[in-house]
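**Q** Right, I'll just put the structure down here and ask away after.
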Amino acid sequence: MSQNKVNVGVIGFGMSAQTFHCPLIVSSPYMNLTAVVERRSTKSQSVYPGITTVKSTDELFAMQNVDLVVITTPNDSHFALAKEAMESGKNVVVEKPFTVTSQEAEALVQVAKATGKVCSVYQNRRWDGDFLTVKKLIEEGHLGRLVEFESHFDRFRNFSKKGWREQEGQAGSGMLYDLGAHLIDQAITLFGVPKSIYATISNQRQLEGNNVDDDFTIILGYKEGHKAVLRSSMLARQTPVLRFSLRGMQGSYVKHHLDVQEDQLKAGVLPGQAGYGIDPASHWGTLNTDLAGGVHVVGQVETVQGDYLAFYNNVAEAILHGKPLAVQPEQGLLCIRLIELAQQSSDEHRTIFF
């Protein structure tokens, strides 16, 4: 470690690394971007002068000055790379989904314990401004007893992008492992382990040569009596897209539009710069509820400022100072197990109970 900072090596320099990981790493006061694995180019050096580009993970794992390895490769490579990295003495951040099977996820949990290394999953959507707003509304009881939580991550794309995420036969491909991992993790964060799960997962577009799932509905039941409905589709053309709909005994909250941070990072706007993570007022959600004293309120709720940088700052503080991880490997394991059970529920057309 250099000057009480974590030196970071990133495996891969595709969309995920370029849009999310590298910009956040260089924005963190606790991290240095040290090296990037690129097998066929040195593009990362043109964006981040002064870093080292290596051609193989073996070279990266052998670098004594690298403390943390960030894995941004296709989903089916996560397990082997994370395991080797920890066994080589590196802390790891794995792009979601953690792994493609719960057996792999459980093995990584055990490797992290055996090696004493920090192992986390990149669940940046916990720091979406809209999710932070929903979390606050629930925790402060503004809806009364919650009865239904509905969370959407919809897009309109009636064609295939031909990438590995839409490649039939590729382990971990499809929307369930992609966007489903985010929605499930958010539900876990809010409510913990459900008592039941029911899901329908399908390929709605029926595109030639593309039979991966592109639509799902997951219903998680909880012992407290409420349910979480998680929904994603590639054929949601209506705008603005619904993001959250919450119903409680005292009121409701509805939020449209996606969090602004992904588009901002793509445009080169970094954490700390003017406007970063701030939802425009036209995108704020609407709360309809009863306050104390019988006052009925209907109006917009200012969205909490989004903060993806908080993920990497937390990882750095866990490595440097032993602070608790916000996204723990056990939570990554639970997310993968719920993905597997959702697929089983859909295949068997039945509710599965824990």
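FYI, nothing fancy with the structure tokens labels: chains A, B, ... in order, residues from 1 per chain, ligands from 1 as they appear.
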Do a neighbour search on Ser232 (chain A) at 10 Å with only C-alpha atoms, toss out local chain neighbours closer than 6 positions, and write the hits as a PyMOL selection string.
**A** chain A and resi 151-155+175-176+179-180+183+201+214-218
**Q** Within 8 Å of region 252-267 of chain A, which residues of region 94-184 of chain A come that close, and what is the closest atom pair and distance in Å for each? Count only C-alpha atoms and give it as CSV.
**A**
```
residue,atom,partner,partner_atom,distance
A:Asp128,CA,A:Asp259,CA,5.8
A:Gly129,CA,A:Asp259,CA,6.3
A:Asp130,CA,A:Asp259,CA,6.5
A:Leu143,CA,A:Ser252,CA,6.1
A:Phe153,CA,A:Leu258,CA,7.9
```
**Q** Mind dumping a table of every region 157-216 of chain A residue within 12 Å of region 133-137 of chain A, with the nearest atom pair and its distance in Å to one decimal, using only C-alpha atoms, sorted by chain and rising number, as CSV?
**A**
```
residue,atom,partner,partner_atom,distance
A:Gln186,CA,A:Lys135,CA,9.6
A:Ala187,CA,A:Lys135,CA,10.2
A:Ile188,CA,A:Lys135,CA,11.8
A:Thr189,CA,A:Lys135,CA,9.1
A:Leu190,CA,A:Lys135,CA,6.9
A:Phe191,CA,A:Lys135,CA,10.2
```
**Q** Write out as a PDB file with N, CA and C atoms, in the first residue's frame the residues lying within 9 Å of Ala342 (chain A), counting only C-alpha atoms and excluding same-chain residues fewer than 3 positions away.
**A**
```
ATOM      1  N   LEU A 176     -31.651 -12.198 -15.983  1.00  0.00           N
ATOM      2  CA  LEU A 176     -31.770 -12.558 -14.575  1.00  0.00           C
ATOM      3  C   LEU A 176     -30.439 -12.367 -13.857  1.00  0.00           C
ATOM      4  N   ILE A 197     -40.426 -17.697  -2.704  1.00  0.00           N
ATOM      5  CA  ILE A 197     -40.097 -17.069  -3.979  1.00  0.00           C
ATOM      6  C   ILE A 197     -40.912 -17.713  -5.089  1.00  0.00           C
ATOM      7  N   TYR A 198     -41.466 -16.867  -5.953  1.00  0.00           N
ATOM      8  CA  TYR A 198     -42.173 -17.328  -7.144  1.00  0.00           C
ATOM      9  C   TYR A 198     -41.680 -16.487  -8.312  1.00  0.00           C
ATOM     10  N   ALA A 199     -41.404 -17.118  -9.446  1.00  0.00           N
ATOM     11  CA  ALA A 199     -40.858 -16.369 -10.571  1.00  0.00           C
ATOM     12  C   ALA A 199     -41.365 -16.890 -11.903  1.00  0.00           C
ATOM     13  N   THR A 200     -41.474 -15.991 -12.859  1.00  0.00           N
ATOM     14  CA  THR A 200     -41.655 -16.360 -14.261  1.00  0.00           C
ATOM     15  C   THR A 200     -40.517 -15.697 -15.035  1.00  0.00           C
ATOM     16  N   ILE A 201     -39.802 -16.500 -15.794  1.00  0.00           N
ATOM     17  CA  ILE A 201     -38.633 -16.027 -16.544  1.00  0.00           C
ATOM     18  C   ILE A 201     -38.793 -16.504 -17.977  1.00  0.00           C
ATOM     19  N   ILE A 218     -40.256 -11.610 -10.408  1.00  0.00           N
ATOM     20  CA  ILE A 218     -39.934 -12.381  -9.203  1.00  0.00           C
ATOM     21  C   ILE A 218     -40.751 -11.805  -8.049  1.00  0.00           C
ATOM     22  N   ILE A 219     -41.426 -12.679  -7.313  1.00  0.00           N
ATOM     23  CA  ILE A 219     -42.195 -12.250  -6.138  1.00  0.00           C
ATOM     24  C   ILE A 219     -41.599 -12.909  -4.903  1.00  0.00           C
ATOM     25  N   ARG A 337     -28.070 -17.637  -4.782  1.00  0.00           N
ATOM     26  CA  ARG A 337     -29.006 -18.707  -4.414  1.00  0.00           C
ATOM     27  C   ARG A 337     -30.432 -18.321  -4.797  1.00  0.00           C
ATOM     28  N   LEU A 338     -30.798 -17.067  -4.608  1.00  0.00           N
ATOM     29  CA  LEU A 338     -32.139 -16.623  -4.981  1.00  0.00           C
ATOM     30  C   LEU A 338     -32.318 -16.624  -6.498  1.00  0.00           C
ATOM     31  N   ILE A 339     -31.272 -16.316  -7.245  1.00  0.00           N
ATOM     32  CA  ILE A 339     -31.345 -16.420  -8.705  1.00  0.00           C
ATOM     33  C   ILE A 339     -31.618 -17.864  -9.116  1.00  0.00           C
ATOM     34  N   SER A 345     -38.179 -22.033  -9.707  1.00  0.00           N
ATOM     35  CA  SER A 345     -39.599 -21.722  -9.588  1.00  0.00           C
ATOM     36  C   SER A 345     -40.231 -21.549 -10.957  1.00  0.00           C
ATOM     37  N   SER A 346     -39.549 -20.838 -11.846  1.00  0.00           N
ATOM     38  CA  SER A 346     -40.084 -20.619 -13.185  1.00  0.00           C
ATOM     39  C   SER A 346     -40.167 -21.930 -13.964  1.00  0.00           C
ATOM     40  N   ASP A 347     -39.131 -22.742 -13.847  1.00  0.00           N
ATOM     41  CA  ASP A 347     -39.104 -24.014 -14.576  1.00  0.00           C
ATOM     42  C   ASP A 347     -40.200 -24.956 -14.101  1.00  0.00           C
ATOM     43  N   ILE A 352     -41.608 -21.599  -4.233  1.00  0.00           N
ATOM     44  CA  ILE A 352     -40.637 -22.341  -3.453  1.00  0.00           C
ATOM     45  C   ILE A 352     -40.502 -21.657  -2.094  1.00  0.00           C
TER      46      ILE A 352
END
```
**Q** Write out as a ChimeraX atom specification which residues come within 7 Å of Phe61 (chain A) when counting only C-alpha atoms, dropping same-chain ones fewer than 4 positions away.
**A** /A:57,85,88
**Q** Generate the output file for the selected residues, all heavy atoms, as an mmCIF file, in the first residue's frame.
**A**
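Once written, result-v3.cif looks like this:
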```cif
data_model
loop_
_atom_site.group_PDB
_atom_site.id
_atom_site.type_symbol
_atom_site.label_atom_id
_atom_site.label_comp_id
_atom_site.auth_asym_id
_atom_site.auth_seq_id
_atom_site.Cartn_x
_atom_site.Cartn_y
_atom_site.Cartn_z
ATOM 1 N N THR A 57 -3.477 -12.224 -16.208
ATOM 2 C CA THR A 57 -3.785 -12.156 -14.775
ATOM 3 C C THR A 57 -2.625 -12.673 -13.951
ATOM 4 O O THR A 57 -2.427 -12.217 -12.815
ATOM 5 C CB THR A 57 -5.063 -12.960 -14.462
ATOM 6 O OG1 THR A 57 -4.917 -14.300 -14.932
ATOM 7 C CG2 THR A 57 -6.276 -12.330 -15.126
ATOM 8 N N ALA A 85 -7.004 -14.925 -7.183
ATOM 9 C CA ALA A 85 -6.544 -13.640 -6.658
ATOM 10 C C ALA A 85 -6.379 -13.689 -5.146
ATOM 11 O O ALA A 85 -5.341 -13.265 -4.605
ATOM 12 C CB ALA A 85 -7.515 -12.531 -7.057
ATOM 13 N N SER A 88 -3.544 -15.670 -4.053
ATOM 14 C CA SER A 88 -2.285 -14.984 -4.364
ATOM 15 C C SER A 88 -2.032 -13.803 -3.429
ATOM 16 O O SER A 88 -1.093 -13.027 -3.635
ATOM 17 C CB SER A 88 -2.303 -14.484 -5.818
ATOM 18 O OG SER A 88 -2.439 -15.558 -6.730
#
```
**Q** Nearest residue to Asn211 (chain A) out of A:Ser41, A:Gln18, A:Ser102, A:Ser160, using only C-alpha atoms?
**A**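 For Asn211 (chain A), the nearest of the candidates is A:Ser160.
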**Q** What's the separation between CA of Val111 (chain A) and CA of Gln64 (chain A), in Å to one decimal place?
**A**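 Straight-line distance from CA of Val111 (chain A) to CA of Gln64 (chain A) works out to 20.1 Å.
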**Q** Pick out each residue of region 24-89 of chain A that DSSP on the backbone tags as helix (DSSP H, G or I); I need them as a list in words.
**A**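 Written out, the helix (DSSP H, G or I) residues of region 24-89 of chain A are Leu24, Ile25, Val26, Ser27, Lys43, Ser44, Gln45, Ser46, Val47, Thr57, Asp58, Glu59, Leu60, Phe61, Ala62, Asn75, Asp76, Ser77, His78, Phe79, Ala80, Leu81, Ala82, Lys83, Glu84, Ala85, Met86 and Glu87 of chain A.
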**Q** Just checking: using only C-alpha atoms, which residue out of A:Ile319, A:Asp58, A:Leu108, A:Leu287 ends up closest to Ala80 (chain A)?
**A**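 Nearest to Ala80 (chain A): A:Leu108.
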**Q** May I have the residues within 12 Å of Ser196 (chain A) as a list in words, using only C-alpha atoms and disregarding those fewer than 5 positions away in the same chain?
**A** Ile218, Ile219, Leu220, Gly221, Tyr222, Lys223, Glu224, Gly225, His226, Lys227, Ala228, Val229, Leu338, Leu341, Ala342, Ser345, Arg350, Thr351, Ile352, Phe353 and Phe354 of chain A
**Q** With C-alpha atoms kept, could you save the residues just selected as a CSV table (one decimal), in the first residue's frame?
**A**
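Below is the file selection_2.csv, written as the result:
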```
chain,number,residue,atom,x,y,z
A,218,ILE,CA,-39.9,-12.4,-9.2
A,219,ILE,CA,-42.2,-12.2,-6.1
A,220,LEU,CA,-40.5,-12.6,-2.8
A,221,GLY,CA,-42.7,-13.2,0.3
A,222,TYR,CA,-41.7,-12.2,3.8
A,223,LYS,CA,-42.7,-13.4,7.2
A,224,GLU,CA,-43.8,-9.8,8.1
A,225,GLY,CA,-46.6,-10.1,5.5
A,226,HIS,CA,-45.3,-7.9,2.7
A,227,LYS,CA,-44.1,-8.9,-0.7
A,228,ALA,CA,-41.4,-7.6,-3.0
A,229,VAL,CA,-42.2,-7.7,-6.7
A,338,LEU,CA,-32.1,-16.6,-5.0
A,341,LEU,CA,-34.4,-20.6,-6.9
A,342,ALA,CA,-36.1,-18.1,-9.2
A,345,SER,CA,-39.6,-21.7,-9.6
A,350,ARG,CA,-44.5,-23.3,-8.4
A,351,THR,CA,-43.7,-21.2,-5.3
A,352,ILE,CA,-40.6,-22.3,-3.5
A,353,PHE,CA,-40.5,-21.9,0.3
A,354,PHE,CA,-37.4,-21.5,2.4
```
**Q** To one decimal place in Å, what is the distance between CA of Lys96 (chain A) and CA of Thr72 (chain A)?
**A**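 Between CA of Lys96 (chain A) and CA of Thr72 (chain A) the gap works out to 8.6 Å.
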**Q** Ranking A:Gly251, A:Gly332, A:Gly294, A:Gly322 by minimum distance to Glu148 (chain A) and counting only C-alpha atoms, which one comes first?
**A**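 For Glu148 (chain A), the nearest of the candidates is A:Gly251.
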**Q** Measuring atom to atom with only C-alpha atoms, identify which of A:Asn313, A:Gln343, A:Thr101, A:Thr53 is nearest to Lys5 (chain A).
**A**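 Nearest to Lys5 (chain A): A:Asn313.
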**Q** Compare A:Met15, A:Val47, A:Val6, A:Ala105 by their minimum atom-to-atom distance to Asn65 (chain A), counting only C-alpha atoms, and give me the closest one.
**A**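 Looking at the shortest contact to Asn65 (chain A), the residue is A:Val6.
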**Q** Find the residues of region 67-154 of chain A that sit at most 12 Å from region 29-34 of chain A; for each, write down the nearest two atoms and how far apart they are in Å, to one decimal. Count only C-alpha atoms. Sort by chain, then by number going up, and give it as a Markdown table.
**A**
```
| residue | atom | partner | partner_atom | distance |
| --- | --- | --- | --- | --- |
| A:Asp67 | CA | A:Thr34 | CA | 9.6 |
| A:Leu68 | CA | A:Met31 | CA | 9.5 |
| A:Val69 | CA | A:Thr34 | CA | 10.1 |
| A:Val70 | CA | A:Leu33 | CA | 10.5 |
```
**Q** For Val121 (chain A), list every protein, DNA or RNA residue within 9 Å, evaluated using only C-alpha atoms, and leave out those in the same chain fewer than 2 positions away; present the list as a PyMOL selection string.
**A** chain A and resi 92-98+119+123-124+327-329+331-332
**Q** Using N, CA, C and O atoms, can you export the residues from the last selection as a short mmCIF file (atom, residue, chain, number, x, y, z; two decimals), in the first residue's frame?
**A**
```cif
data_model
loop_
_atom_site.label_atom_id
_atom_site.label_comp_id
_atom_site.auth_asym_id
_atom_site.auth_seq_id
_atom_site.Cartn_x
_atom_site.Cartn_y
_atom_site.Cartn_z
N VAL A 92 -10.27 -8.71 -3.18
CA VAL A 92 -10.98 -8.73 -4.45
C VAL A 92 -12.32 -8.01 -4.38
O VAL A 92 -13.01 -8.03 -3.35
N VAL A 93 -12.66 -7.37 -5.50
CA VAL A 93 -14.01 -6.90 -5.79
C VAL A 93 -14.43 -7.61 -7.07
O VAL A 93 -13.72 -7.57 -8.07
N VAL A 94 -15.59 -8.25 -7.03
CA VAL A 94 -16.10 -8.98 -8.18
C VAL A 94 -17.31 -8.24 -8.73
O VAL A 94 -18.25 -7.94 -7.98
N GLU A 95 -17.28 -7.94 -10.01
CA GLU A 95 -18.46 -7.36 -10.65
C GLU A 95 -19.65 -8.30 -10.45
O GLU A 95 -19.49 -9.53 -10.47
N LYS A 96 -20.84 -7.75 -10.24
CA LYS A 96 -22.00 -8.61 -10.10
C LYS A 96 -22.30 -9.29 -11.45
O LYS A 96 -21.99 -8.72 -12.51
N PRO A 97 -22.88 -10.48 -11.43
CA PRO A 97 -23.18 -11.31 -10.28
C PRO A 97 -21.89 -11.91 -9.70
O PRO A 97 -20.90 -12.08 -10.42
N PHE A 98 -21.92 -12.23 -8.43
CA PHE A 98 -20.76 -12.76 -7.72
C PHE A 98 -20.16 -13.94 -8.47
O PHE A 98 -18.96 -13.97 -8.78
N CYS A 119 -13.34 -9.60 0.40
CA CYS A 119 -14.00 -10.08 -0.82
C CYS A 119 -15.37 -9.43 -0.87
O CYS A 119 -16.20 -9.65 0.02
N GLN A 123 -22.06 -4.11 -5.98
CA GLN A 123 -23.50 -3.84 -6.01
C GLN A 123 -23.71 -2.34 -5.85
O GLN A 123 -24.22 -1.85 -4.84
N ASN A 124 -23.34 -1.60 -6.88
CA ASN A 124 -23.41 -0.15 -6.83
C ASN A 124 -24.83 0.38 -6.69
O ASN A 124 -25.04 1.50 -6.20
N VAL A 327 -20.95 -4.54 1.40
CA VAL A 327 -21.43 -5.65 0.58
C VAL A 327 -20.57 -6.87 0.90
O VAL A 327 -19.43 -6.96 0.47
N GLN A 328 -21.13 -7.76 1.66
CA GLN A 328 -20.38 -8.91 2.15
C GLN A 328 -20.53 -10.11 1.20
O GLN A 328 -21.55 -10.25 0.52
N PRO A 329 -19.52 -10.98 1.16
CA PRO A 329 -19.61 -12.14 0.25
C PRO A 329 -20.79 -13.04 0.54
O PRO A 329 -21.35 -13.65 -0.37
N GLN A 331 -23.69 -12.08 1.35
CA GLN A 331 -24.83 -11.49 0.66
C GLN A 331 -24.78 -11.80 -0.83
O GLN A 331 -25.81 -12.01 -1.47
N GLY A 332 -23.57 -11.85 -1.38
CA GLY A 332 -23.41 -12.26 -2.77
C GLY A 332 -23.87 -13.69 -2.97
O GLY A 332 -24.52 -14.02 -3.97
#
```
**Q** List every residue of region 113-299 of chain A that DSSP, applied to the backbone, labels as strand (DSSP E), and write the result as an MDAnalysis selection string.
**A** chainID A and resid 119:122 146:152 196:202 215:221 227:233 242:248 251:256 285:291 295:299
**Q** CA of Ala274 (chain A) and CA of Ala310 (chain A), how far apart in Å?
**A** 17.1 Å
**Q** Considering only C-alpha atoms, return as a count of residues only whatever protein or nucleic-acid residues lie within 12 Å of Pro74 (chain A), sequence-local ones (same chain, fewer than 6 positions apart) excluded.
**A** 28
